[in-house]
Amino acid sequence: MQSRRIVAGVHALLAAVHVYWATGAVWPAPDERSLSRAVLGVQLSFAPQVVLPLAALHLLLAVAVLYSDRSAVARLVVTGLAAGLAVRAALGVAWAFTYTSTTFYWLNLLLYTPACIALCLADVRMLRMRWVKAAVVAGPVAAVTVLALVAYVYEPGERAHPSASGDSRFVETPLARVHYLQRGSGAPVVLLAPGASPAIAWEQEIDVLARDHTVYAVELPGQGETRLHDAGFSFDLDGMTTALGQFLDALHLRSVVLGGNSWSGGWGLAYAQRHPERVSKLLLLAPSGLDEPDVGSWEVMKQPLLGEALAKLGTSRSMVESAVRGLFVHKNLVTPQLIDAMWIPGTYRDNVRSMYALERGLDWSVTERALPATRQPALVLWGDHDTVLPPAQAARFGQLLPNATVHVLDGCGHALTVDCPDQVTPLMAAFLK
């Protein structure tokens with residue numbers, strides 16, 4: 001009975017902590033972002049509508065623990081609780097071997113994981129049947145072991161390289177053999193392949209802009225057919241902006257218009273902030289760059305083991321097709337050819353690693369702080385049906401960028417270059433003129 005009271009007391013204490021956070025307090029962290037990263041390892045909301053249901057859940061668990069010897073329903077709840085704690089404890093042990101030197105790492109090592117192990121053992125002692133006790137522990141541990149094997153041992157097979165287009169070129173830089181498309185003549189416009197997409201995603205924009213400009217559509221490390229020379233390349237803002245600078249140097253491009261979509265919009269923005277003399281204008285299509293949490297499916301990739309496993313399991317064609325369709329409003333534009341263009345490069349080892357490494361390594365607080373001092377004229381486009389970066393962020397860019405022109409496009413998703421080229425391309429062309 002004493003152990004039940006202790007475990008119930010722990011859950012009651014956790015309920016009280018969640019109610020405390022619901023008031024807007026973040027002590028002992030300086031802000032909600034730091035609190036979330038310390039407690040969860042990712043950036044999620046601690047708003048009342050999020051933490052109050054969790055407080056109610058902990059109170060329910062406290063009651064179930066106290067009455068687990070009298071009620072079959074309560075014992076069922078305790079069984080589920082023990083299994084959940086076993087999963088968290090097993091993950092915590094795995095995370096202890098992935099040194100990241102963050103607050104979450106040390107709290108996980110010294111507090112969270114030992115507490116989960118102790119609470120799990122206490123809950124298991126309350127269960128009556130031995131086979132249930134064994135299954136509650138062995139099942140989650142086996143599942144996490146399999147997940148670890150997928151994350152750190154399994155390597156998805158690389159698909160055959162697609163045939164190169166007539167515009168396809170390569171240039172050697174110290175960091176990589178960079179793949180890019182080149183078309184047209186005139187003042188240079190450099191378009192960075194969107195996020196985890198290939199350069200061909202800019203196909204329709206290239207066609208129009210190449211009438212007046214030399215257009216380069218570039219795949220930075222982790223994208224398309226670009227191949228790294230260094231397997232230890234750091235997928236962060238320093239690494240990506242350095243790779244971009246080396247590409248511009250290799251082609252002797254001293255001053256360019258720079259464009260990007262999603263992640264690549266953020267990379268282009270960061271490069272313009274660091275090297276303003278080399279960027280005359282910015283084309284930012286639903287860009288990263290604000291210090292805001294990503295959608296949950298991306299935030300979870302910041303966690304060691306989970307990120308690696310999800311990136312590798314996500315290389316199947318069916319998974320890629322499902323993810324791509326979620327970026328579009330006009331689903332009829334998601335053709336088999338487009339899926340293959342996204343899927344095949346996504347199976348390359350460096351490109352798989354980039355998915356979770358970029359999510360962990362890109363610190364957008366740096367770009368957000370520099371926005372008021374970013375003086376280049378910038379065209380900011382956003383889709384009103386964007387499911388990755390909220391359309392409300394467009395207004396934030398408009399407030400912080402001194403020379404921004406902002407448009408939110410009706411009936412468009414996140415993949416603006418392919419989903420809404422008929423709206424995007426004229427705006428880009430007019431902005432450049």
# chains A, B, ... in the order shown; residues from 1 in each chain; ligands from 1
call {"tool": "residues_around", "arguments": {"residues": "region 350-366 of chain A", "least_positions_apart": "6", "cutoff": "9 Å", "atoms": "only C-alpha atoms", "output": "PyMOL selection string"}}
result
chain A and resi 156+196+221-224+227-228+231+234-238+266+270+288-292+298-299+301-304+307-308+310-312+314-315
call {"tool": "residues_around", "arguments": {"residues": "region 327-334 of chain A", "least_positions_apart": "3", "cutoff": "8 Å", "atoms": "only C-alpha atoms", "output": "PyMOL selection string"}}
result
chain A and resi 323-324+338-339+385-388+411-415+418-419
call {"tool": "select_by_dssp", "arguments": {"residues": "region 138-356 of chain A", "states": "helix (DSSP H, G or I)", "output": "VMD selection string"}}
result
chain A and resid 138 to 152 199 to 209 237 to 250 263 to 274 276 to 278 296 to 302 306 to 313 317 to 325 331 to 333 336 to 343 345 to 347 349 to 356
call {"tool": "write_last_selection", "arguments": {"atoms": "C-alpha atoms", "output": "compact mmCIF listing (two decimals), in the first residue's frame"}}
result
# COMPACT_ATOMS: atom_id res chain seq x y z
CA ALA A 138 9.81 -7.31 -22.24
CA GLY A 139 7.48 -6.07 -25.00
CA PRO A 140 8.47 -2.38 -24.89
CA VAL A 141 12.16 -3.20 -24.43
CA ALA A 142 12.06 -5.50 -27.46
CA ALA A 143 10.27 -2.83 -29.52
CA VAL A 144 12.85 -0.16 -28.64
CA THR A 145 15.66 -2.63 -29.40
CA VAL A 146 14.22 -3.20 -32.88
CA LEU A 147 13.87 0.55 -33.33
CA ALA A 148 17.53 1.01 -32.38
CA LEU A 149 18.58 -1.61 -34.93
CA VAL A 150 16.62 0.23 -37.62
CA ALA A 151 18.10 3.57 -36.55
CA TYR A 152 21.76 2.57 -36.30
CA ALA A 199 16.23 21.17 -58.31
CA ILE A 200 13.68 20.09 -60.92
CA ALA A 201 10.99 21.37 -58.50
CA TRP A 202 11.75 24.82 -59.97
CA GLU A 203 11.15 23.62 -63.55
CA GLN A 204 8.29 25.94 -64.45
CA GLU A 205 9.84 28.99 -62.77
CA ILE A 206 13.15 28.35 -64.58
CA ASP A 207 11.37 28.33 -67.95
CA VAL A 208 9.98 31.82 -67.43
CA LEU A 209 12.88 33.47 -65.59
CA LEU A 237 23.44 26.89 -41.01
CA ASP A 238 27.24 27.18 -41.10
CA GLY A 239 27.53 24.07 -43.26
CA MET A 240 24.74 24.96 -45.68
CA THR A 241 25.79 28.59 -46.15
CA THR A 242 29.41 27.54 -46.63
CA ALA A 243 28.35 25.02 -49.28
CA LEU A 244 26.33 27.72 -51.06
CA GLY A 245 29.23 30.16 -50.95
CA GLN A 246 31.58 27.56 -52.43
CA PHE A 247 29.13 26.94 -55.27
CA LEU A 248 28.92 30.65 -56.08
CA ASP A 249 32.72 30.89 -55.96
CA ALA A 250 33.15 27.88 -58.24
CA TRP A 263 14.33 24.98 -45.66
CA SER A 264 16.19 26.35 -48.66
CA GLY A 265 14.49 29.73 -48.26
CA GLY A 266 15.99 29.82 -44.76
CA TRP A 267 19.43 28.83 -46.08
CA GLY A 268 19.30 31.58 -48.70
CA LEU A 269 18.15 34.09 -46.08
CA ALA A 270 21.01 33.10 -43.75
CA TYR A 271 23.53 33.46 -46.59
CA ALA A 272 22.20 36.91 -47.49
CA GLN A 273 22.49 37.99 -43.86
CA ARG A 274 26.09 36.78 -43.66
CA PRO A 276 24.89 40.96 -48.00
CA GLU A 277 27.28 42.18 -50.71
CA ARG A 278 26.69 38.99 -52.71
CA GLY A 296 5.10 17.47 -34.58
CA SER A 297 6.13 14.96 -37.27
CA TRP A 298 9.29 17.03 -37.87
CA GLU A 299 9.97 18.02 -34.26
CA VAL A 300 10.13 14.35 -33.23
CA MET A 301 13.04 13.86 -35.65
CA LYS A 302 15.17 15.95 -33.31
CA LEU A 306 13.60 8.25 -33.37
CA GLY A 307 14.89 10.68 -36.01
CA GLU A 308 17.25 8.15 -37.57
CA ALA A 309 14.59 5.43 -37.64
CA LEU A 310 11.89 7.67 -39.11
CA ALA A 311 14.24 9.01 -41.80
CA LYS A 312 15.20 5.50 -42.89
CA LEU A 313 11.69 4.09 -42.77
CA ARG A 317 8.02 5.16 -52.34
CA SER A 318 4.60 4.91 -50.74
CA MET A 319 5.74 6.97 -47.74
CA VAL A 320 7.24 9.61 -50.02
CA GLU A 321 4.05 9.79 -52.09
CA SER A 322 1.94 10.24 -48.97
CA ALA A 323 4.22 13.00 -47.66
CA VAL A 324 4.32 14.82 -51.01
CA ARG A 325 0.54 14.72 -51.42
CA LYS A 331 -3.43 16.75 -55.92
CA ASN A 332 -3.69 16.16 -59.69
CA LEU A 333 -0.21 17.68 -60.03
CA PRO A 336 4.29 9.40 -60.81
CA GLN A 337 7.18 11.28 -62.45
CA LEU A 338 7.19 13.86 -59.66
CA ILE A 339 7.07 11.16 -56.99
CA ASP A 340 10.05 9.35 -58.57
CA ALA A 341 12.00 12.62 -58.79
CA MET A 342 11.46 13.10 -55.04
CA TRP A 343 11.81 9.46 -54.00
CA PRO A 345 17.41 10.91 -54.45
CA GLY A 346 15.78 10.51 -51.04
CA THR A 347 17.23 7.00 -50.79
CA ARG A 349 22.69 7.75 -47.69
CA ASP A 350 23.79 11.38 -47.26
CA ASN A 351 20.31 12.59 -48.15
CA VAL A 352 18.72 10.28 -45.58
CA ARG A 353 21.11 11.56 -42.89
CA SER A 354 20.35 15.14 -43.82
CA MET A 355 16.67 14.74 -42.92
CA TYR A 356 17.20 14.33 -39.18
call {"tool": "select_by_dssp", "arguments": {"residues": "region 174-339 of chain A", "states": "strand (DSSP E or B)", "output": "ChimeraX atom specification"}}
result
/A:176-183,187-192,213-219,227-228,256-261,279-285
call {"tool": "residues_around", "arguments": {"residues": "Gln49 (chain A)", "least_positions_apart": "2", "cutoff": "12 Å", "atoms": "only C-alpha atoms", "output": "VMD selection string"}}
result
chain A and resid 18 to 19 21 to 24 45 to 47 51 to 56
call {"tool": "write_last_selection", "arguments": {"atoms": "N, CA and C atoms", "output": "mmCIF file, in the first residue's frame"}}
result
data_model
loop_
_atom_site.group_PDB
_atom_site.id
_atom_site.type_symbol
_atom_site.label_atom_id
_atom_site.label_comp_id
_atom_site.auth_asym_id
_atom_site.auth_seq_id
_atom_site.Cartn_x
_atom_site.Cartn_y
_atom_site.Cartn_z
ATOM 1 N N HIS A 18 1.928 20.540 -14.004
ATOM 2 C CA HIS A 18 1.285 20.904 -15.273
ATOM 3 C C HIS A 18 0.279 22.047 -15.080
ATOM 4 N N VAL A 19 -0.420 22.058 -13.972
ATOM 5 C CA VAL A 19 -1.330 23.171 -13.682
ATOM 6 C C VAL A 19 -0.531 24.462 -13.511
ATOM 7 N N TRP A 21 2.335 25.177 -14.955
ATOM 8 C CA TRP A 21 2.742 25.617 -16.290
ATOM 9 C C TRP A 21 1.562 26.233 -17.051
ATOM 10 N N ALA A 22 0.362 25.749 -16.773
ATOM 11 C CA ALA A 22 -0.816 26.283 -17.464
ATOM 12 C C ALA A 22 -1.053 27.752 -17.139
ATOM 13 N N THR A 23 -0.495 28.235 -16.035
ATOM 14 C CA THR A 23 -0.638 29.653 -15.672
ATOM 15 C C THR A 23 0.272 30.550 -16.498
ATOM 16 N N GLY A 24 1.145 29.944 -17.302
ATOM 17 C CA GLY A 24 2.099 30.724 -18.084
ATOM 18 C C GLY A 24 3.477 30.764 -17.464
ATOM 19 N N SER A 45 4.217 23.319 -27.636
ATOM 20 C CA SER A 45 3.494 24.323 -26.875
ATOM 21 C C SER A 45 3.208 23.847 -25.452
ATOM 22 N N PHE A 46 3.301 24.771 -24.491
ATOM 23 C CA PHE A 46 2.893 24.517 -23.112
ATOM 24 C C PHE A 46 1.649 25.348 -22.776
ATOM 25 N N ALA A 47 0.840 25.619 -23.791
ATOM 26 C CA ALA A 47 -0.380 26.386 -23.600
ATOM 27 C C ALA A 47 -1.354 25.614 -22.707
ATOM 28 N N VAL A 51 -1.423 21.516 -21.648
ATOM 29 C CA VAL A 51 -0.937 20.963 -20.377
ATOM 30 C C VAL A 51 -2.052 20.616 -19.393
ATOM 31 N N LEU A 52 -3.200 21.285 -19.475
ATOM 32 C CA LEU A 52 -4.275 20.940 -18.538
ATOM 33 C C LEU A 52 -4.827 19.531 -18.759
ATOM 34 N N PRO A 53 -5.049 19.084 -20.010
ATOM 35 C CA PRO A 53 -5.447 17.681 -20.181
ATOM 36 C C PRO A 53 -4.404 16.701 -19.645
ATOM 37 N N LEU A 54 -3.129 17.065 -19.745
ATOM 38 C CA LEU A 54 -2.079 16.197 -19.194
ATOM 39 C C LEU A 54 -2.149 16.178 -17.665
ATOM 40 N N ALA A 55 -2.489 17.322 -17.072
ATOM 41 C CA ALA A 55 -2.669 17.354 -15.616
ATOM 42 C C ALA A 55 -3.821 16.438 -15.202
ATOM 43 N N ALA A 56 -4.924 16.489 -15.958
ATOM 44 C CA ALA A 56 -6.067 15.616 -15.663
ATOM 45 C C ALA A 56 -5.682 14.150 -15.815
#
call {"tool": "residues_around", "arguments": {"residues": "region 127-136 of chain A", "least_positions_apart": "5", "cutoff": "9 Å", "atoms": "only C-alpha atoms", "output": "PyMOL selection string"}}
result
chain A and resi 68-69+75+78-80+82-84+86+141
call {"tool": "closest_residue", "arguments": {"among": "A:Ala12, A:Leu57, A:Leu381, A:Leu181", "to": "Thr226 (chain A)", "atoms": "only C-alpha atoms"}}
result
A:Leu181
call {"tool": "residues_around", "arguments": {"residues": "Ser262 (chain A)", "least_positions_apart": "5", "cutoff": "6 Å", "atoms": "only C-alpha atoms", "output": "NGL selection string"}}
result
:A and (194-195 or 286-288)
call {"tool": "write_last_selection", "arguments": {"atoms": "all heavy atoms", "output": "compact mmCIF listing (two decimals), in the first residue's frame"}}
result
# COMPACT_ATOMS: atom_id res chain seq x y z
N PRO A 194 14.09 23.17 -53.16
CA PRO A 194 13.28 23.30 -51.95
C PRO A 194 13.49 22.16 -50.97
O PRO A 194 13.37 20.99 -51.33
CB PRO A 194 11.83 23.27 -52.49
CG PRO A 194 11.95 23.57 -53.94
CD PRO A 194 13.27 23.03 -54.37
N GLY A 195 13.79 22.49 -49.72
CA GLY A 195 13.85 21.51 -48.65
C GLY A 195 14.56 20.24 -49.04
O GLY A 195 15.73 20.24 -49.41
N ALA A 286 7.51 30.50 -48.70
CA ALA A 286 7.22 29.79 -47.45
C ALA A 286 8.52 29.36 -46.79
O ALA A 286 8.75 28.19 -46.54
CB ALA A 286 6.33 28.58 -47.73
N PRO A 287 9.39 30.34 -46.48
CA PRO A 287 10.72 29.99 -46.00
C PRO A 287 10.76 29.65 -44.52
O PRO A 287 9.97 30.15 -43.72
CB PRO A 287 11.52 31.28 -46.26
CG PRO A 287 10.49 32.35 -46.04
CD PRO A 287 9.20 31.79 -46.59
N SER A 288 11.71 28.79 -44.16
CA SER A 288 12.11 28.70 -42.76
C SER A 288 12.86 29.97 -42.41
O SER A 288 13.21 30.76 -43.29
CB SER A 288 13.01 27.48 -42.55
OG SER A 288 12.33 26.29 -42.87
call {"tool": "atom_distance", "arguments": {"atom1": "CA of Asn108 (chain A)", "atom2": "CA of Gly9 (chain A)"}}
result
21.0 Å
call {"tool": "residues_around", "arguments": {"residues": "Gly259 (chain A)", "least_positions_apart": "3", "cutoff": "6 Å", "atoms": "only C-alpha atoms", "output": "PyMOL selection string"}}
result
chain A and resi 191+282-284
